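J.: Following this message is one structure expressed as structure tokens.
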Protein chains: 2
Amino acid sequence: VPKVFFYPQNKEIEVASGENLLRAAMLAEVHINAPCGGDGTCGKCRVVIEKGTASKGLSAKLTTDEIAQGYCLACKTLIESDLVVRIPVESQLGDRRVLERELKASEKTFLASKDLKELVSSWRHEPPVKSYHFSLERPSLEDNVSDLDRLQRGLSKETGLENISADISLLRGLNEALRKGDWQVTVKVEHDEGRARLVSVTPALQKVANYGLAIDIGTTTISLELVDLDSGQVLAAASDYNAQISYGEDIISRIVYSLKSANLKRLQTLVIKTINKLIKEVLTKVEARAEDISYVVAAGNTTMAHLFLGVSPRYIREDPYIPAFSSITVEAGEVGLNLPEQVSVFLVPGRASYVGGDITAGVLGSGMFSSDKLTLYIDIGTNGEIVLGNADWLLACSCSAGSAFEGGSIKHGTRATRGAIEQVRIDPLTFEPMILTIGGTKPSGICGSGLIDTFAELFLSGLIDERGKFNLSSGTKRLRTVDSTAEYILVRATDADIARDIVITEGDLDNLMRAKAAIFAGINILLESVEMPIEAIERILIAGSFGRHIELDKAITIGLLPEIPSEKVEFVGNGSLLGSRLMLLSKEMKRKAKEVAKKMTYLELSTNSKFMDKYISALFLPHTNTNLFPGVMTQLRAHRSIVTKKVANNG
Amino acid sequence: VPKVFFYPQNKEIEVASGENLLRAAMLAEVHINAPCGGDGTCGKCRVVIEKGTASKGLSAKLTTDEIAQGYCLACKTLIESDLVVRIPVESQLGDRRVLERELKASEKTFLASKDLKELVSSWRHEPPVKSYHFSLERPSLEDNVSDLDRLQRGLSKETGLENISADISLLRGLNEALRKGDWQVTVKVEHDEGRARLVSVTPALQKVANYGLAIDIGTTTISLELVDLDSGQVLAAASDYNAQISYGEDIISRIVYSLKSANLKRLQTLVIKTINKLIKEVLTKVEARAEDISYVVAAGNTTMAHLFLGVSPRYIREDPYIPAFSSITVEAGEVGLNLPEQVSVFLVPGRASYVGGDITAGVLGSGMFSSDKLTLYIDIGTNGEIVLGNADWLLACSCSAGSAFEGGSIKHGTRATRGAIEQVRIDPLTFEPMILTIGGTKPSGICGSGLIDTFAELFLSGLIDERGKFNLSSGTKRLRTVDSTAEYILVRATDADIARDIVITEGDLDNLMRAKAAIFAGINILLESVEMPIEAIERILIAGSFGRHIELDKAITIGLLPEIPSEKVEFVGNGSLLGSRLMLLSKEMKRKAKEVAKKMTYLELSTNSKFMDKYISALFLPHTNTNLFPGVMTQLRAHRSIVTKKVANNG
């Protein structure tokens, strides 16, 4: 049996001869970037076989040089003997410490905003689970009702609630729980939507907290907060990559993979595994136990919600794009979370297959749903979900932006992880770049904000034209043509953390153009549906980790966002988590979330011919209608005139 | 590894050397009577080792002769080599065909009674689950709500019900269920106590019935009926021994065994296994599938209800005798029943640790709870549960009768199974017996009704006195003294299906005396509590399979039942099943059952000093107070005078 050794992870695994190398990596729990789900089209799962023999397959994604250096695509490679495989840094999943840093940053900004403060002060703090401490009358021959009846009698006196139901798992521990504490108990009761149920019964001497979990189930990242339901305080937070990522980076690859029921089960197991790991982490941070958790609110896009429950997302992908459900409350034990079996998990309702519970939570948590201001809420990830509206009405759509802004379909694109280029300036005279990476380490790729910067700077410097095509006459050595495709060298191999030049190709620029055009067209379609001009927008809320990093003026320069004064733009951070936290603390907010999901009018863009027109108009920098971007045009003129002047001075 | 071969079951099993033979039999699924739970005190698990060597242990329960013949107690025997073991007929668990016969017989009698007819006509036929067939609107881009929302919308139109909840298991099959039938569906909805939930969704083209199961979980026997919820018809029935029986025949042995949590789990698995087998049987009989079942009502004594759920019955046995719960509704999947996971299982509420849901169901199903007549309801098994009352009030108690009437603690006692002596007459002149067995086969033991007959006949014939002691001066060879204990030979070994004489010993008579005294004292305590004489009883209802077989006048002769005209006595059959069936068909009856359980006043007898007095008074035949049994005294005098006359004529 061949053994495969992976480094720098230092993991070894035995596999059958002929096994696919990407699959072997998954089994060894070595993550290799494979956004295409392993079909060889993305060319990102490059590894170097340093020892041993393997059938490497063919791929247009590797140059002759790279092949000579031992590079191959893991997904195309079949193992033939013992192997030593090196995972180059660009193929590794990023450092998760970056995710944690983001979470903390995102908390501060928006939480301090005036609007949110108003919102928070308006809702009633009333969590779905409350904890009660009291004494029961001791049983006797005269008073010999069952333990459960005695408890219910005591609770009814204490809370006024009748018919509090109990689950079988609770019943199994009930007799000892009552007797160990000599009939002094702590009882958690969930009371919501007219139903009351027992969550836990513990001897009073055994301290038990009343905590909740807010979970954001993202396609790429899962974030989790431990919240004290009584005080409202966030006690701990943690994030990690969704372990499903090995089976495709975007939603569509996951759906395709899930079509076999064994795969569906596997994807469910993986997301639950990631969440369980994070639960353990936050509990450890504050020295709490699973029994301290009383309630869970989880939000994710519609596909993630389906996979979380193990419900097939098959029809999300087929016209007319119907999910199996929008909202449901399940028990922790039913999905395999490492919490007391009967703890409720409320999945925040979504509006449609491509506007999920994470968006509902964001619209709720950002206060947009109760604001008088006309607000544009944008969450850009693989899809760009956009909501326009205010307290009276909400209009939502989803634009398939491709994964360009997450680094997918971009030659050296990467997620916002350590070593990712996040800021770029290009000198308009020398055309030399200045770059900053996340964590300040050697660059290994370009993340979303870096891509937007590069795109904008190339445009401002005149290295590309309005159509996003390179101006090859500029004379800089940074521009070159490889295999008849023009590309700009951002970082030379000698300065990079990878063994190649980090470049941006004309193909990459095409993908970025399409992505930004889709988002801008979406914004326009929403505005047009209500016959409003861009100027009517009183506030733009940008959600998601992508939003945290972009530079607003660069995003406007490329025409991704409409030209709007920067004071009207706010960064929400993780809107999904923000809303979920509110729902943990207020039953009213849970009800509101259901209302919000119902109230949103959803525009399906994939079949909308007007959207196509808007999209094509937006396939220009900043836009075919330059009147929409007067500021950008002024800036462009200023930029170009500096160049002209300097060149004139030097000349 | 030693192999043990059991016959006549023809089962073989490999076990470790040194393994206990009773445990080996259990593993091989060979049932051996072991009412004491395997501690060697009952002496009933006798087997014959025909080949091989084993360490047989010591037991006072076997005579020297028997030991010479190869008899040993399985529970005391350790396996040392390959063995061939014969299970003599008296040690085998009875033929279950007898159980099925009983079920059918019990159905007829009481169901034809006037009172029950009145009851049945008074309740509203409204089962907890109803089935609906309808078409859903096809989804479109304009109408793109989720499958679940669409279904709920359709159901709300069809039924008027809102907020119908769905379980995760249902959700997992929902998308295919809706699409396979082209949006024509059959939906089962449970609507009860203000809550509506989906039970199943199937494509309309796939026929699905709306059936229910009524289950009586007895300590010895489990009986089950498949009922059409729409028509009310009983479609099939089946019974079998509770597989837990190998771990103790009475409730207390089971509780003691269950104290270890692994054993608790095992007992739960066994009862579920028996029920699953019976479910398969009834479904096969009518060619139905598990999906046809929509609801389950189960009743049992309190301990059986606990073991069914895997909840420890520990405190049922300890003063002040507190059960963990009285009523609960669980899902089939939670307890392991082979039914669709989300089918509800309603456990009928009991009143106390020794007055369980089976009694509530009987009081309900027999119509006692709504009758104006002062009724005495008696269910005699290991415990005698007695309820006195009418539509206005109910008073209940439980008398620990020992297991004498079920054949326990009786040398040749056996359950009412094939070969059991069920009727006995003793000629007052010759003292020779005439016996009848169940199934008319060679006798192998004496069941409850046979014991009562024997006890009464011995008394009437003068072979025993009022204290139940043998009159050794009678001169018959049927009476003898073995090891200083007097006994009466009912069947000689040559006529028996076992290799020994079938006898009734003075010790047996003591046990019977105590059992009947406990029941009679219980009846008296209930009457005295409400200051009523025996004559005030307008009706006696006798429930349980024991009741089906006893001869009323013999039970009165020994003072087990009060002297009351036979037209006032009715045999209810399986009262537990009767009531459960009603609850399947009527939500009103389910509510009534809860009321009945709450309404019953429970008298704890174990600590009641008046009960002790009554009990001691009843340790006579028919009773110390012969005024209570004028009819018996007349009969006795008549019987004795015949003897005197005949003897005079012959003399």
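How things are named: the first chain in the structure tokens is A, the next is B, and so on; residues count from 1 in each chain; ligands count from 1 in the order shown.
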I need the residues in segment 387-427 of chain A that are strand (DSSP E or B) according to DSSP; give them as a PyMOL selection string.
T.: chain A and resi 387-389+394-400+413+420-426
J.: Applying 6 Å and only C-alpha atoms, which residues near segment 440-453 of chain A remain after dropping the ones on its own chain fewer than 5 positions away? List them as a list in words.
T.: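 So the residues in contact are Glu90, Phe405, Glu406, Gly407, His412, Gly413, Thr414, Arg415, Ala416, Gly419, Ala420, Ile421, Glu422, Gln423, Val424, Ala496, Asp497, Ile498, His549, Ile550 and Lys554 of chain A.
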J.: With only C-alpha atoms considered, list every residue of chain B at most 8 Å from chain A, as a PyMOL selection string.
T.: chain B and resi 139-141+144-149+166-168+171-175+309-312+315+319-326+328+330+334+351-352+604
J.: Hey, what's within 12 Å of Gly181 of chain A if we count only C-alpha atoms and toss same-chain stuff fewer than 3 positions away? As a PyMOL selection string, please?
T.: chain A and resi 133-136+138+174-178+184-186+201-207
J.: Quick one: pull the distance between atom CA of Ile540 of chain B and atom CA of Ile222 of chain B, Å, one decimal.
T.: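 Atom CA of Ile222 of chain B lies at a distance of 24.8 Å from atom CA of Ile540 of chain B.
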J.: One decimal, Å: what's the distance from atom CA of Leu541 of chain B over to atom CA of Val569 of chain B, could you say?
T.: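 A separation of 6.0 Å between them.
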J.: Could you jot down the atom CA of Cys399 of chain B to atom CA of Thr626 of chain B separation for me, Å, one decimal place?
T.: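 Between these atoms lies a distance of 22.3 Å.
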J.: Would you mind listing what lies within 12 Å of Glu162 of chain A as a ChimeraX atom specification, with only C-alpha atoms counted and same-chain residues fewer than 3 positions away left out?
T.: /A:149,151-159,165,189,191,194-198
J.: Produce a file of the selected residues containing N, CA, C and O atoms, as a CSV table (one decimal), in the first residue's frame.
T.:
chain,number,residue,atom,x,y,z
A,149,ASP,N,-44.2,15.5,36.9
A,149,ASP,CA,-45.4,16.3,37.3
A,149,ASP,C,-45.0,17.3,38.5
A,149,ASP,O,-45.5,18.4,38.5
A,151,LEU,N,-42.1,18.6,39.0
A,151,LEU,CA,-41.3,19.7,38.4
A,151,LEU,C,-42.2,20.7,37.7
A,151,LEU,O,-42.0,21.9,37.9
A,152,GLN,N,-43.1,20.1,37.0
A,152,GLN,CA,-44.0,21.0,36.2
A,152,GLN,C,-44.9,21.8,37.2
A,152,GLN,O,-45.2,23.0,36.9
A,153,ARG,N,-45.3,21.2,38.3
A,153,ARG,CA,-46.1,21.9,39.3
A,153,ARG,C,-45.2,23.1,39.9
A,153,ARG,O,-45.7,24.2,40.0
A,154,GLY,N,-44.0,22.8,40.2
A,154,GLY,CA,-43.1,23.8,40.8
A,154,GLY,C,-42.9,24.9,39.8
A,154,GLY,O,-42.9,26.1,40.1
A,155,LEU,N,-42.6,24.5,38.5
A,155,LEU,CA,-42.4,25.5,37.5
A,155,LEU,C,-43.6,26.4,37.2
A,155,LEU,O,-43.5,27.6,37.0
A,156,SER,N,-44.7,25.8,37.3
A,156,SER,CA,-46.0,26.6,37.0
A,156,SER,C,-46.1,27.6,38.1
A,156,SER,O,-46.5,28.8,37.8
A,157,LYS,N,-45.8,27.3,39.4
A,157,LYS,CA,-45.8,28.3,40.5
A,157,LYS,C,-44.8,29.4,40.2
A,157,LYS,O,-45.0,30.5,40.4
A,158,GLU,N,-43.6,28.9,39.8
A,158,GLU,CA,-42.5,29.8,39.6
A,158,GLU,C,-42.6,30.8,38.4
A,158,GLU,O,-42.2,31.9,38.4
A,159,THR,N,-43.2,30.2,37.3
A,159,THR,CA,-43.2,30.9,36.0
A,159,THR,C,-44.6,31.2,35.5
A,159,THR,O,-44.8,32.0,34.6
A,165,SER,N,-43.5,21.0,28.1
A,165,SER,CA,-43.2,19.6,27.6
A,165,SER,C,-41.7,19.2,27.9
A,165,SER,O,-40.9,20.0,28.1
A,189,VAL,N,-36.0,26.8,30.8
A,189,VAL,CA,-37.3,26.6,30.0
A,189,VAL,C,-37.2,27.5,28.8
A,189,VAL,O,-36.9,28.7,28.8
A,191,HIS,N,-39.4,29.2,26.0
A,191,HIS,CA,-40.8,29.6,25.9
A,191,HIS,C,-40.9,30.5,24.7
A,191,HIS,O,-40.4,31.6,24.8
A,194,GLY,N,-45.8,30.4,21.9
A,194,GLY,CA,-46.9,29.7,22.5
A,194,GLY,C,-46.6,28.4,23.1
A,194,GLY,O,-47.4,27.7,23.6
A,195,ARG,N,-45.3,27.9,23.0
A,195,ARG,CA,-45.0,26.6,23.4
A,195,ARG,C,-43.9,26.7,24.5
A,195,ARG,O,-43.0,27.5,24.3
A,196,ALA,N,-44.0,25.9,25.5
A,196,ALA,CA,-43.0,25.9,26.6
A,196,ALA,C,-42.4,24.5,26.6
A,196,ALA,O,-43.1,23.5,26.6
A,197,ARG,N,-41.1,24.4,26.7
A,197,ARG,CA,-40.4,23.1,26.8
A,197,ARG,C,-39.2,23.2,27.7
A,197,ARG,O,-38.5,24.2,27.8
A,198,LEU,N,-38.9,22.1,28.4
A,198,LEU,CA,-37.8,22.0,29.3
A,198,LEU,C,-36.5,21.8,28.5
A,198,LEU,O,-36.5,21.0,27.6
J.: Looking at A:Lys592, A:Lys44, A:Arg254, A:Arg317, which one is nearest to Ser580 of chain A, with distances taken over only C-alpha atoms?
T.: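 Checking each of A:Lys592, A:Lys44, A:Arg254, A:Arg317 against Ser580 of chain A, counting only C-alpha atoms, the winner is A:Lys592.
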J.: For segment 1-10 of chain A, find every residue with an atom within 7 Å (counting only C-alpha atoms), except residues of its own chain fewer than 5 positions away, and show them as a PyMOL selection string.
T.: chain A and resi 15-17+30+81-87
J.: Put those residues in a file: all heavy atoms, as a tab-separated table (two decimals), in the first residue's frame.
T.:
chain	number	residue	atom	x	y	z
A	15	VAL	N	-2.82	4.85	1.15
A	15	VAL	CA	-3.98	4.80	0.24
A	15	VAL	C	-3.75	3.68	-0.78
A	15	VAL	O	-2.64	3.20	-0.94
A	15	VAL	CB	-4.16	6.13	-0.53
A	15	VAL	CG1	-4.62	7.24	0.39
A	15	VAL	CG2	-2.88	6.52	-1.25
A	16	ALA	N	-4.83	3.30	-1.44
A	16	ALA	CA	-4.71	2.28	-2.48
A	16	ALA	C	-3.93	2.86	-3.65
A	16	ALA	O	-4.01	4.06	-3.93
A	16	ALA	CB	-6.10	1.86	-2.94
A	17	SER	N	-3.16	2.01	-4.31
A	17	SER	CA	-2.45	2.44	-5.50
A	17	SER	C	-3.50	2.87	-6.53
A	17	SER	O	-4.57	2.26	-6.64
A	17	SER	CB	-1.61	1.27	-6.02
A	17	SER	OG	-0.88	1.69	-7.14
A	30	VAL	N	-5.29	17.26	4.84
A	30	VAL	CA	-4.40	18.30	4.34
A	30	VAL	C	-5.22	19.11	3.33
A	30	VAL	O	-5.74	18.55	2.37
A	30	VAL	CB	-3.17	17.67	3.62
A	30	VAL	CG1	-2.41	18.74	2.85
A	30	VAL	CG2	-2.29	16.98	4.64
A	81	SER	N	3.19	5.07	-6.27
A	81	SER	CA	4.15	4.52	-5.31
A	81	SER	C	4.12	5.40	-4.08
A	81	SER	O	3.34	6.35	-4.01
A	81	SER	CB	5.55	4.54	-5.92
A	81	SER	OG	6.05	5.87	-5.92
A	82	ASP	N	4.99	5.10	-3.10
A	82	ASP	CA	5.16	6.01	-1.97
A	82	ASP	C	5.53	7.39	-2.53
A	82	ASP	O	6.34	7.48	-3.46
A	82	ASP	CB	6.30	5.55	-1.06
A	82	ASP	CG	5.88	4.35	-0.22
A	82	ASP	OD1	4.73	3.87	-0.40
A	82	ASP	OD2	6.68	3.90	0.62
A	83	LEU	N	4.93	8.44	-1.96
A	83	LEU	CA	5.21	9.78	-2.46
A	83	LEU	C	5.60	10.71	-1.33
A	83	LEU	O	5.14	10.56	-0.20
A	83	LEU	CB	3.97	10.39	-3.14
A	83	LEU	CG	3.40	9.72	-4.40
A	83	LEU	CD1	2.20	10.51	-4.88
A	83	LEU	CD2	4.45	9.62	-5.50
A	84	VAL	N	6.44	11.68	-1.67
A	84	VAL	CA	6.63	12.83	-0.79
A	84	VAL	C	6.11	14.03	-1.57
A	84	VAL	O	6.57	14.29	-2.69
A	84	VAL	CB	8.10	13.03	-0.40
A	84	VAL	CG1	8.28	14.34	0.38
A	84	VAL	CG2	8.59	11.85	0.43
A	85	VAL	N	5.12	14.68	-1.01
A	85	VAL	CA	4.45	15.75	-1.74
A	85	VAL	C	4.59	17.06	-0.98
A	85	VAL	O	4.33	17.11	0.22
A	85	VAL	CB	2.94	15.42	-1.91
A	85	VAL	CG1	2.22	16.56	-2.63
A	85	VAL	CG2	2.76	14.11	-2.65
A	86	ARG	N	5.02	18.09	-1.66
A	86	ARG	CA	5.09	19.40	-1.04
A	86	ARG	C	3.90	20.22	-1.50
A	86	ARG	O	3.56	20.26	-2.68
A	86	ARG	CB	6.40	20.10	-1.45
A	86	ARG	CG	6.53	21.52	-0.89
A	86	ARG	CD	7.96	22.05	-0.98
A	86	ARG	NE	8.43	22.15	-2.35
A	86	ARG	CZ	8.19	23.21	-3.16
A	86	ARG	NH1	7.49	24.23	-2.73
A	86	ARG	NH2	8.66	23.22	-4.40
A	87	ILE	N	3.23	20.85	-0.54
A	87	ILE	CA	2.12	21.73	-0.90
A	87	ILE	C	2.69	23.14	-0.92
A	87	ILE	O	3.03	23.69	0.13
A	87	ILE	CB	0.98	21.66	0.15
A	87	ILE	CG1	0.68	20.20	0.54
A	87	ILE	CG2	-0.26	22.38	-0.35
A	87	ILE	CD1	0.09	19.37	-0.54
J.: Restricting the calculation to only C-alpha atoms, which member of B:Leu526, B:Val387, B:Ile537, B:Leu458 is positioned closest to Leu636 of chain B?
T.: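 Looking at the shortest contact to Leu636 of chain B, the residue is B:Leu458.
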J.: Contacts of Ile525 of chain B at 9 Å or less, counting only C-alpha atoms, minus same-chain residues fewer than 2 places along, as a PyMOL selection string?
T.: chain B and resi 397+520-523+527-530+603+605+610-611+614
J.: Might you pull out every residue within 6 Å of segment 369-372 of chain A, with only C-alpha atoms counted and same-chain residues fewer than 5 positions away left off, and present them as an mmCIF file with C-alpha atoms, in the first residue's frame?
T.:
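Contents of the output file result_39.cif:
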data_model
loop_
_atom_site.group_PDB
_atom_site.id
_atom_site.type_symbol
_atom_site.label_atom_id
_atom_site.label_comp_id
_atom_site.auth_asym_id
_atom_site.auth_seq_id
_atom_site.Cartn_x
_atom_site.Cartn_y
_atom_site.Cartn_z
ATOM 1 C CA VAL A 363 -31.021 43.255 7.315
ATOM 2 C CA LEU A 364 -32.288 42.703 10.837
ATOM 3 C CA ASN A 390 -36.297 50.713 4.520
ATOM 4 C CA ALA A 391 -38.792 50.031 7.317
#
J.: Using DSSP assignments from the backbone, pull out every residue in segment 225-322 of chain A that falls under helix (DSSP H, G or I) and give it to me as a VMD selection string.
T.: chain A and resid 243 to 247 251 to 258 261 to 285 290 to 292 302 to 309 314 to 316
J.: Taking only C-alpha atoms into account, name the residue in B:Leu509, B:Leu552, B:Ala74, B:Asp483 that is nearest to Glu567 of chain B.
T.: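 Closest to Glu567 of chain B of all the choices is B:Leu552.
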